[in-house]
Amino acid sequence: MYLPFTSLLAATPLVTWLKSVPKCFVHPGIDIDTSENGAGLGTFMREPAKAGEMLFSIPTSACISVTDAALDAECGEKFLQMVESGVPRTVAIAGYLAKEYIKLRTVGLENYDGPFGAYLDILPFELGKNDHDHILWWSDEDIALMQGSPAFDDAVATRQEVEMAYSLLGDIIPEKNGLGLAVAGAFVTILSRSFFDDTQPVDKEKLIPLLDMLQHDYNPNIQYCDNDGHIEVRAAVDMEANTELLNCYNYILSPWNLFTRYGFVPGRYESPRELLVNKDPIFFGSE
């Protein structure tokens, strides 16, 4: 499947922006194009690379975390109070993302004055953007297809958590027009693209530009680590030119759980709705 040209165009400002960020490194061979290993966009190395070679290095200043929410000039104090009261940090991150996305959508990328415009512009805030789907965009009738599977309870609980977050954020974010959809899109972004690092005292969850665009594979060809405030991504194996970069999102979650979190079923190309209608064992177990 080939993505609309506009989807590929949106990726160009992201790489341009990252290359302008101080102390950020993006190998000149890095390219974003239609994925060969999953739906939507993927990240490619257009030049040969040796195992251990640096592919890109993203400073944490270019990542989005709860710190950005807390330091926001408009709503940061209320986001911080919310977290200090025991509300999960992800709600504050979602609020910050939603608020900034509404602003970006209203004024356009060229007129947006926030720090993450090119990144926000490519995130999956809308159904179908970069061929993305997620249970947070499904109708109640679609969710009902999961009844009888463990995915049903997980999906219902996730949707209830987002509804709770929306009720809290509605009292904080001044712009109400489109807020519900923006909050849902923010949680789709966090669920499908955030990284968790339990070694960090505050910014445990963060969005890491470019790294979050890699497709999933249980045999990744990259490895990454946080090295003194930089997320370094290196080739795990020797690569030929035009190799798509692949990362393992999670080794532990079952396929149905990968679907409710990330929005796809690994190794299957049928639509999730088709799998559910046909009572596929991935969702319902063996008969």
# chains A, B, ... in the order shown; residues from 1 in each chain; ligands from 1
$ residues_around --residues "stretch 95-104 of chain A" --least-positions-apart "5" --cutoff "7 Å" --atoms "only C-alpha atoms" --output "VMD selection string"
chain A and resid 69 109 112 117 120 169 173 179 182 to 183 186
$ residues_around --residues "stretch 134-141 of chain A" --least-positions-apart "6" --cutoff "7 Å" --atoms "only C-alpha atoms" --output "PDB file with C-alpha atoms, in the first residue's frame"
ATOM      1  CA  LEU A 127      -8.026   8.148  12.257  1.00  0.00           C
ATOM      2  CA  ALA A 155     -10.203  -2.132  25.374  1.00  0.00           C
ATOM      3  CA  ARG A 159     -11.445   3.805  26.704  1.00  0.00           C
ATOM      4  CA  ALA A 184      -8.128  10.672  22.023  1.00  0.00           C
ATOM      5  CA  VAL A 188      -3.311   6.952  20.660  1.00  0.00           C
ATOM      6  CA  THR A 260      -5.200  -2.959  21.997  1.00  0.00           C
ATOM      7  CA  GLY A 263      -3.225  -0.798  16.989  1.00  0.00           C
TER       8      GLY A 263
END
$ select_by_dssp --residues "stretch 195-264 of chain A" --states "alpha helix (DSSP H)" --output "number ranges by chain"
A: 255-262
$ closest_atom_pairs --of "stretch 40-88 of chain A" --to "stretch 229-237 of chain A" --cutoff "9 Å" --atoms "only C-alpha atoms" --output "Markdown table"
| residue | atom | partner | partner_atom | distance |
| --- | --- | --- | --- | --- |
| A:Ala49 | CA | A:Ala235 | CA | 7.0 |
| A:Lys50 | CA | A:Val237 | CA | 6.6 |
| A:Ala51 | CA | A:Val237 | CA | 4.2 |
| A:Gly52 | CA | A:Ala235 | CA | 5.1 |
| A:Glu53 | CA | A:Arg234 | CA | 5.3 |
| A:Met54 | CA | A:Arg234 | CA | 4.4 |
| A:Leu55 | CA | A:Arg234 | CA | 5.2 |
| A:Phe56 | CA | A:Val233 | CA | 5.4 |
| A:Ser57 | CA | A:Glu232 | CA | 4.4 |
| A:Ile58 | CA | A:Ile231 | CA | 5.0 |
| A:Pro59 | CA | A:His230 | CA | 4.2 |
| A:Thr60 | CA | A:Gly229 | CA | 5.6 |
| A:Ser61 | CA | A:Gly229 | CA | 8.2 |
$ closest_residue --among "A:Val21, A:Met239, A:Val265, A:Ile172" --to "A:Met45" --atoms "only C-alpha atoms"
A:Met239
$ closest_residue --among "A:Lys204, A:Lys19, A:Lys176, A:His132" --to "A:Tyr262" --atoms "only C-alpha atoms"
A:His132
$ select_by_dssp --residues "stretch 18-228 of chain A" --states "strand (DSSP E)" --output "PyMOL selection string"
chain A and resi 25-26+30-34+41-45+54-59+64-65+194-196+205-207+215-216+222-226
$ residues_around --residues "stretch 279-286 of chain A" --least-positions-apart "5" --cutoff "8 Å" --atoms "only C-alpha atoms" --output "number ranges by chain"
A: 146, 148-151, 255-256
$ write_last_selection --atoms "N, CA, C and O atoms" --output "mmCIF file, in the first residue's frame"
data_model
loop_
_atom_site.group_PDB
_atom_site.id
_atom_site.type_symbol
_atom_site.label_atom_id
_atom_site.label_comp_id
_atom_site.auth_asym_id
_atom_site.auth_seq_id
_atom_site.Cartn_x
_atom_site.Cartn_y
_atom_site.Cartn_z
ATOM 1 N N MET A 146 -15.285 -7.713 20.173
ATOM 2 C CA MET A 146 -14.278 -8.357 21.017
ATOM 3 C C MET A 146 -14.885 -9.145 22.172
ATOM 4 O O MET A 146 -14.150 -9.837 22.888
ATOM 5 N N GLY A 148 -16.074 -11.717 24.653
ATOM 6 C CA GLY A 148 -15.672 -13.116 24.741
ATOM 7 C C GLY A 148 -14.173 -13.306 24.625
ATOM 8 O O GLY A 148 -13.673 -14.417 24.802
ATOM 9 N N SER A 149 -13.450 -12.222 24.353
ATOM 10 C CA SER A 149 -11.989 -12.282 24.280
ATOM 11 C C SER A 149 -11.388 -11.408 25.374
ATOM 12 O O SER A 149 -12.031 -10.458 25.836
ATOM 13 N N PRO A 150 -10.158 -11.687 25.801
ATOM 14 C CA PRO A 150 -9.525 -10.826 26.815
ATOM 15 C C PRO A 150 -9.307 -9.403 26.317
ATOM 16 O O PRO A 150 -9.181 -8.488 27.119
ATOM 17 N N ALA A 151 -9.294 -9.221 24.990
ATOM 18 C CA ALA A 151 -9.094 -7.878 24.442
ATOM 19 C C ALA A 151 -10.263 -6.963 24.784
ATOM 20 O O ALA A 151 -10.087 -5.740 24.874
ATOM 21 N N PRO A 255 -0.314 -11.169 21.185
ATOM 22 C CA PRO A 255 -0.736 -10.445 19.975
ATOM 23 C C PRO A 255 -1.989 -9.603 20.168
ATOM 24 O O PRO A 255 -2.066 -8.473 19.663
ATOM 25 N N TRP A 256 -2.992 -10.117 20.908
ATOM 26 C CA TRP A 256 -4.205 -9.315 21.102
ATOM 27 C C TRP A 256 -3.917 -8.065 21.921
ATOM 28 O O TRP A 256 -4.509 -7.005 21.707
#
$ closest_residue --among "A:Leu14, A:Ala241, A:Ala62, A:Ile190" --to "A:Phe44" --atoms "only C-alpha atoms"
A:Ala241
$ atom_distance --atom1 "atom CA of A:Ala94" --atom2 "atom CA of A:Asn250"
21.7 Å
$ atom_distance --atom1 "atom CA of A:Asn37" --atom2 "atom CA of A:Gln215"
6.7 Å
$ closest_residue --among "A:Ser271, A:Thr43, A:Thr158, A:Ser65" --to "A:Thr12" --atoms "only C-alpha atoms"
A:Thr43
$ closest_residue --among "A:Gln200, A:Gln147, A:Asn278, A:Ser35" --to "A:Leu246" --atoms "only C-alpha atoms"
A:Ser35
$ atom_distance --atom1 "atom CA of A:Phe259" --atom2 "atom CA of A:Ile64"
23.6 Å
$ closest_residue --among "A:Arg105, A:Arg46, A:Arg273, A:Arg261" --to "A:Phe187" --atoms "only C-alpha atoms"
A:Arg261
$ residues_around --residues "A:Asp217" --least-positions-apart "3" --cutoff "8 Å" --atoms "only C-alpha atoms" --output "number ranges by chain"
A: 220, 246-249
